[in-house]
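upload_13.txt (compact mmCIF, C-alpha atoms and all ligand atoms)
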# COMPACT_ATOMS: atom_id res chain seq x y z
CA MET A 204 37.51 12.71 -25.34
CA PRO A 205 36.65 10.26 -22.57
CA VAL A 206 33.06 9.05 -22.49
CA ARG A 207 31.68 10.55 -19.29
CA ARG A 208 28.02 11.40 -19.71
CA LEU A 209 26.08 8.20 -20.02
CA VAL A 210 22.55 6.89 -20.06
CA MET A 211 21.81 3.22 -19.43
CA VAL A 212 18.77 1.44 -20.78
CA GLY A 213 17.80 -2.20 -20.65
CA PRO A 214 14.88 -4.46 -19.86
CA PRO A 215 14.12 -5.75 -16.36
CA GLY A 216 16.43 -8.63 -15.45
CA VAL A 217 19.20 -7.70 -17.88
CA GLY A 218 21.62 -6.79 -15.08
CA LYS A 219 21.55 -3.04 -15.65
CA GLY A 220 21.78 -2.10 -11.97
CA THR A 221 24.79 -4.35 -11.38
CA GLN A 222 26.63 -3.01 -14.42
CA ALA A 223 25.80 0.58 -13.48
CA LYS A 224 27.42 0.04 -10.08
CA LEU A 225 30.59 -1.38 -11.68
CA ILE A 226 30.87 1.43 -14.20
CA SER A 227 30.35 3.97 -11.45
CA LEU A 228 33.00 2.40 -9.24
CA ARG A 229 35.62 1.79 -11.91
CA ARG A 230 35.13 4.89 -14.03
CA ARG A 231 34.34 7.13 -11.05
CA LEU A 232 30.99 8.39 -12.28
CA PRO A 233 28.10 9.17 -9.94
CA ILE A 234 24.98 7.08 -10.61
CA LEU A 235 21.84 9.16 -10.87
CA ALA A 236 19.03 6.65 -10.42
CA THR A 237 15.46 7.89 -10.82
CA GLY A 238 14.17 5.70 -8.00
CA ASP A 239 16.73 7.15 -5.56
CA MET A 240 16.14 10.71 -6.75
CA LEU A 241 12.38 10.34 -6.30
CA ARG A 242 12.79 8.82 -2.85
CA SER A 243 15.11 11.57 -1.69
CA ALA A 244 12.83 14.29 -3.11
CA VAL A 245 10.00 12.70 -1.12
CA ALA A 246 12.15 12.48 2.02
CA ASP A 247 13.12 16.16 1.67
CA LYS A 248 9.41 17.03 1.78
CA SER A 249 9.99 19.60 -0.96
CA ASP A 250 6.97 20.78 -3.00
CA LEU A 251 8.22 18.62 -5.81
CA GLY A 252 8.69 15.68 -3.47
CA SER A 253 5.17 15.85 -2.10
CA LYS A 254 3.82 16.07 -5.65
CA ALA A 255 5.72 12.89 -6.52
CA ALA A 256 4.65 11.24 -3.26
CA ASP A 257 0.98 11.77 -4.14
CA TYR A 258 1.33 9.70 -7.31
CA MET A 259 3.50 7.07 -5.68
CA SER A 260 1.13 6.56 -2.74
CA ARG A 261 -1.71 5.97 -5.19
CA GLY A 262 0.46 3.41 -6.99
CA GLU A 263 0.44 5.55 -10.14
CA LEU A 264 3.35 6.34 -12.43
CA VAL A 265 4.91 9.70 -11.68
CA PRO A 266 4.21 11.82 -14.78
CA ASP A 267 6.97 13.05 -17.11
CA ASP A 268 6.90 16.69 -16.05
CA VAL A 269 7.39 15.81 -12.36
CA ILE A 270 10.20 13.32 -13.07
CA ILE A 271 11.90 15.82 -15.37
CA GLU A 272 11.81 18.44 -12.61
CA VAL A 273 13.19 16.00 -10.04
CA VAL A 274 16.06 15.03 -12.36
CA ALA A 275 16.73 18.66 -13.31
CA GLU A 276 17.02 19.53 -9.60
CA ARG A 277 19.51 16.72 -9.09
CA LEU A 278 21.52 17.65 -12.19
CA LYS A 279 21.88 21.17 -10.81
CA SER A 280 23.92 19.81 -7.93
CA THR A 281 25.97 17.49 -10.15
CA GLU A 282 29.18 18.54 -11.83
CA LEU A 283 27.74 17.78 -15.26
CA SER A 284 30.98 18.29 -17.11
CA SER A 285 32.83 15.72 -15.02
CA GLY A 286 30.26 13.12 -15.86
CA PHE A 287 27.35 11.01 -14.62
CA LEU A 288 25.57 7.78 -15.26
CA LEU A 289 21.80 8.03 -15.57
CA ASP A 290 19.86 4.87 -14.71
CA GLY A 291 16.09 4.74 -15.16
CA PHE A 292 15.92 8.09 -16.93
CA PRO A 293 15.05 9.03 -19.61
CA ARG A 294 12.32 6.48 -20.34
CA THR A 295 10.37 8.48 -22.91
CA VAL A 296 11.23 10.76 -25.81
CA PRO A 297 9.92 13.90 -24.02
CA GLN A 298 12.17 13.03 -21.06
CA ALA A 299 15.12 12.57 -23.44
CA GLN A 300 14.42 15.93 -25.07
CA ALA A 301 14.21 17.61 -21.67
CA LEU A 302 17.57 16.10 -20.72
CA ASP A 303 19.16 17.26 -23.97
CA LYS A 304 17.87 20.76 -23.38
CA LYS A 305 19.23 20.81 -19.84
CA LEU A 306 22.65 19.64 -21.02
CA SER A 307 22.83 21.97 -23.98
CA GLU A 308 22.08 24.91 -21.67
CA ALA A 309 25.28 23.90 -19.93
CA GLY A 310 27.08 23.60 -23.28
CA LEU A 311 27.20 19.83 -23.02
CA ALA A 312 25.76 16.74 -24.68
CA LEU A 313 25.32 13.07 -23.88
CA ASP A 314 28.30 10.95 -24.90
CA ALA A 315 26.66 7.55 -25.08
CA VAL A 316 23.57 5.50 -24.44
CA LEU A 317 24.42 1.98 -23.31
CA ALA A 318 21.62 -0.30 -24.45
CA LEU A 319 21.86 -3.64 -22.67
CA ALA A 320 20.06 -6.47 -24.37
CA ALA A 321 19.66 -10.22 -23.98
CA ALA A 322 17.34 -12.84 -25.43
CA PRO A 323 14.00 -13.08 -23.59
CA SER A 324 14.84 -16.66 -22.54
CA VAL A 325 18.00 -15.43 -20.77
CA VAL A 326 16.15 -12.68 -18.93
CA ILE A 327 13.27 -14.98 -18.00
CA GLU A 328 15.65 -17.55 -16.56
CA ARG A 329 17.44 -14.91 -14.50
CA ILE A 330 14.27 -13.39 -13.12
CA ALA A 331 12.32 -16.62 -12.71
CA GLY A 332 14.96 -18.01 -10.35
CA ARG A 333 14.59 -15.01 -8.07
CA LEU A 334 13.44 -15.74 -4.53
CA ILE A 335 12.29 -13.06 -2.11
CA CYS A 336 11.85 -13.13 1.63
CA PRO A 337 8.35 -11.73 2.30
CA ASN A 338 9.46 -10.73 5.79
CA CYS A 339 12.84 -8.95 5.52
CA LYS A 340 12.85 -8.49 1.70
CA SER A 341 16.22 -10.23 1.20
CA VAL A 342 16.68 -11.37 -2.40
CA TYR A 343 18.16 -14.71 -3.50
CA HIS A 344 18.51 -16.63 -6.74
CA GLU A 345 17.97 -20.39 -7.10
CA SER A 346 21.27 -20.93 -8.90
CA ALA A 347 23.27 -17.70 -8.75
CA ASN A 348 22.75 -16.86 -5.07
CA PRO A 349 20.91 -19.67 -3.25
CA PRO A 350 19.99 -19.43 0.44
CA ARG A 351 22.04 -21.66 2.79
CA GLU A 352 19.00 -23.79 3.50
CA ALA A 353 16.75 -24.49 0.49
CA GLY A 354 13.65 -22.30 0.49
CA LEU A 355 14.43 -20.44 3.71
CA CYS A 356 15.74 -16.92 4.29
CA ASP A 357 19.33 -16.80 5.67
CA VAL A 358 18.49 -13.75 7.76
CA CYS A 359 15.15 -14.60 9.34
CA SER A 360 14.34 -18.22 8.29
CA THR A 361 11.04 -17.19 6.67
CA PRO A 362 9.98 -19.41 3.71
CA LEU A 363 11.00 -17.69 0.46
CA ILE A 364 8.54 -16.87 -2.31
CA VAL A 365 8.61 -16.03 -6.04
CA ARG A 366 6.99 -12.66 -6.61
CA GLU A 367 3.90 -12.63 -8.83
CA ASP A 368 5.78 -10.22 -11.12
CA ASP A 369 8.67 -12.65 -11.48
CA GLN A 370 6.63 -15.62 -12.75
CA PRO A 371 7.69 -16.50 -16.33
CA GLU A 372 4.42 -15.34 -17.92
CA ALA A 373 4.52 -12.03 -16.06
CA VAL A 374 8.16 -11.52 -17.08
CA ARG A 375 7.30 -12.15 -20.72
CA LYS A 376 4.59 -9.50 -20.46
CA ARG A 377 6.95 -7.03 -18.74
CA LEU A 378 9.48 -7.52 -21.53
CA GLU A 379 6.85 -6.80 -24.17
CA VAL A 380 5.77 -3.63 -22.40
CA TYR A 381 9.41 -2.61 -22.08
CA GLU A 382 10.17 -3.19 -25.79
CA GLU A 383 7.12 -1.19 -26.85
CA SER A 384 7.79 1.74 -24.57
CA THR A 385 11.55 1.91 -25.15
CA ALA A 386 11.62 1.50 -28.92
CA PRO A 387 10.88 5.20 -29.65
CA LEU A 388 13.51 6.29 -27.12
CA LEU A 389 16.20 4.14 -28.73
CA GLU A 390 15.16 5.40 -32.16
CA TYR A 391 15.60 8.94 -30.91
CA TYR A 392 19.13 8.23 -29.68
CA ARG A 393 20.07 6.06 -32.68
CA SER A 394 19.32 8.97 -34.97
CA ARG A 395 21.99 10.85 -33.02
CA GLY A 396 24.43 7.97 -33.44
CA ILE A 397 25.23 7.58 -29.74
CA VAL A 398 23.69 4.19 -28.97
CA MET A 399 26.12 1.44 -27.99
CA GLU A 400 24.44 -1.96 -28.13
CA ILE A 401 25.76 -4.26 -25.41
CA ASP A 402 25.18 -8.01 -25.41
CA ALA A 403 24.21 -8.69 -21.79
CA THR A 404 24.42 -12.48 -22.07
CA GLY A 405 26.98 -14.12 -19.79
CA ASP A 406 28.39 -13.41 -16.35
CA VAL A 407 28.87 -9.98 -14.81
CA GLU A 408 32.54 -9.53 -15.74
CA THR A 409 32.03 -10.76 -19.31
CA VAL A 410 29.31 -8.18 -19.84
CA TYR A 411 31.37 -5.48 -18.14
CA ALA A 412 34.31 -6.21 -20.46
CA ARG A 413 32.02 -5.58 -23.44
CA ILE A 414 30.96 -2.26 -21.94
CA GLU A 415 34.59 -1.23 -21.38
CA GLU A 416 35.42 -2.14 -24.93
CA ALA A 417 32.52 -0.08 -26.26
CA LEU A 418 33.36 2.94 -24.12
CA GLY A 419 37.09 2.83 -24.77
CA LYS A 420 39.66 4.62 -22.65
ZN ZN A 501 14.13 -12.81 5.70
Take the structure from the file and write it as structure tokens.
Amino acid sequence: MPVRRLVMVGPPGVGKGTQAKLISLRRRLPILATGDMLRSAVADKSDLGSKAADYMSRGELVPDDVIIEVVAERLKSTELSSGFLLDGFPRTVPQAQALDKKLSEAGLALDAVLALAAAPSVVIERIAGRLICPNCKSVYHESANPPREAGLCDVCSTPLIVREDDQPEAVRKRLEVYEESTAPLLEYYRSRGIVMEIDATGDVETVYARIEEALGK
């Protein structure tokens, strides 16, 4: 049986978004990203969307029950049996249980949870080199994707900044919060024997090759 119903988890800066795009492209699976789903629910001005928008406009986390509903809506319009790649959901055990319920109602189950991991030092180096244009929001990286002229945005020539959140100390803190909040989720999936641990150290294609090997044909 091909592995077609996937969940991706990984700390900030581990390269999850990039790998999700590659998997989607090469294995022809739609990416269901929570951020996108929330934004489109908000744009649709549905009841659910305006509920979510209330929390987001106050800068609060959207609660589990609302996120679960948003994802459930999106899953309805997805051909579940032909596969999907969930990114950013589930983040908590109740969300994971809600997803399992939804899938089992359709006679299906998750095939795999790809858990991307790298040493904190690797993640900190990746994130700490990140440069943002405060004007047009273009993103650069000191070594991996430098601007043409040091410190200036290619698009609008505005001086680039390092976000507060991307300073090494802040990244360390974000990683701790991530580990704490994700540990129970991974435990939940490990007990089902579907977690595939992926070493996310190295360049994009090296990491992707490990994912392919884990998923098999
Ligand atoms: Zn710019």
Atom CA of Asp290 of chain A and atom CA of Ala236 of chain A are how many Å apart?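 Pair atom CA of Asp290 of chain A / atom CA of Ala236 of chain A returns 4.7 Å.
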Using only C-alpha atoms and all ligand atoms, which residues have at least one atom no more than 12 Å from ligand ZN 501 (chain A)? Output them as a PyMOL selection string. chain A and resi 334-343+350+354-364
How close does each residue of segment 270-372 of chain A get to segment 380-390 of chain A, giving the shortest atom pair and distance in Å to one decimal for every residue with an atom at most 10 Å away, counting only C-alpha atoms, sorted by chain and residue number, as CSV?
residue,atom,partner,partner_atom,distance
A:Pro293,CA,A:Leu388,CA,8.1
A:Arg294,CA,A:Thr385,CA,6.7
A:Thr295,CA,A:Leu388,CA,5.7
A:Val296,CA,A:Leu388,CA,5.2
A:Pro297,CA,A:Leu388,CA,9.0
A:Gln298,CA,A:Leu388,CA,9.2
A:Ala299,CA,A:Leu388,CA,7.5
A:Gln300,CA,A:Leu388,CA,9.9
A:Val316,CA,A:Leu389,CA,8.6
A:Ala318,CA,A:Leu389,CA,8.2
Residues from last step as file, C-alpha atoms, as a PDB file, keeping the file's coordinate frame:
ATOM      1  CA  PRO A 293      15.050   9.030 -19.610  1.00  0.00           C
ATOM      2  CA  ARG A 294      12.320   6.480 -20.340  1.00  0.00           C
ATOM      3  CA  THR A 295      10.370   8.480 -22.910  1.00  0.00           C
ATOM      4  CA  VAL A 296      11.230  10.760 -25.810  1.00  0.00           C
ATOM      5  CA  PRO A 297       9.920  13.900 -24.020  1.00  0.00           C
ATOM      6  CA  GLN A 298      12.170  13.030 -21.060  1.00  0.00           C
ATOM      7  CA  ALA A 299      15.120  12.570 -23.440  1.00  0.00           C
ATOM      8  CA  GLN A 300      14.420  15.930 -25.070  1.00  0.00           C
ATOM      9  CA  VAL A 316      23.570   5.500 -24.440  1.00  0.00           C
ATOM     10  CA  ALA A 318      21.620  -0.300 -24.450  1.00  0.00           C
TER      11      ALA A 318
END
I need the residue nearest Glu276 of chain A from this list: A:Gly310, A:Gly252, A:Gly291, A:Gly396. Use all atoms listed in the file for the distance.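 When distances to Glu276 of chain A are compared using all atoms listed in the file, the smallest one comes from A:Gly252.
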How far is it from atom CA of Gly213 of chain A to atom CA of Ala321 of chain A, in Å with one decimal?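 The value is 8.9 Å.
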Using all atoms listed in the file, give me every residue within 12 Å of (25.3, -15.1, -7.4) in file coordinates, as JSON, numbers by chain. {"A": [218, 221, 329, 332, 333, 342, 343, 344, 345, 346, 347, 348, 349, 350, 406, 407]}
Go through A:Gly216, A:Pro205, A:Gly405, A:Pro323 and flag the residue nearest Arg230 of chain A, using only C-alpha atoms for the distances.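 When distances to Arg230 of chain A are compared using only C-alpha atoms, the smallest one comes from A:Pro205.
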Residue nearest Arg377 of chain A among A:Val265, A:Ala417, A:Ile330, A:Asp250 (counting only C-alpha atoms): A:Ile330
Could you list, as a list in words, every residue within 10 Å of Ala312 of chain A, counting all atoms listed in the file and ignoring same-chain residues fewer than 5 positions away? Arg208, Leu209, Leu283, Ser284, Leu302, Asp303, Lys304, Lys305, Leu306 and Ser307 of chain A
In Å, with one decimal, what is the gap from atom CA of Leu313 of chain A to atom CA of Arg207 of chain A? 8.2 Å
Could you work out an axis-aligned bounding box for all listed atoms of segment 356-372 of chain A, with 3 Å added on each of the six sides, and give its centre and edge lengths in Å to one decimal, as AutoDock Vina command-line options?
--center_x 11.6 --center_y -14.8 --center_z -4.3 --size_x 21.4 --size_y 15.2 --size_z 33.3
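Distance check against Arg393 of chain A using all atoms listed in the file: of A:Ala315, A:Val326, A:Val410, A:Leu289, the minimum falls on A:Ala315.
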Given all atoms listed in the file as the counted atoms, nearest of A:Gly238, A:Ile327, A:Asp314, A:Val245 to Lys376 of chain A: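 Among A:Gly238, A:Ile327, A:Asp314, A:Val245, it is A:Ile327 that comes nearest to Lys376 of chain A.
Using all atoms listed in the file for every distance, the candidate list A:Leu235, A:Leu311, A:Ile414, A:Leu241 yields A:Leu235 as the residue closest to Ser280 of chain A.
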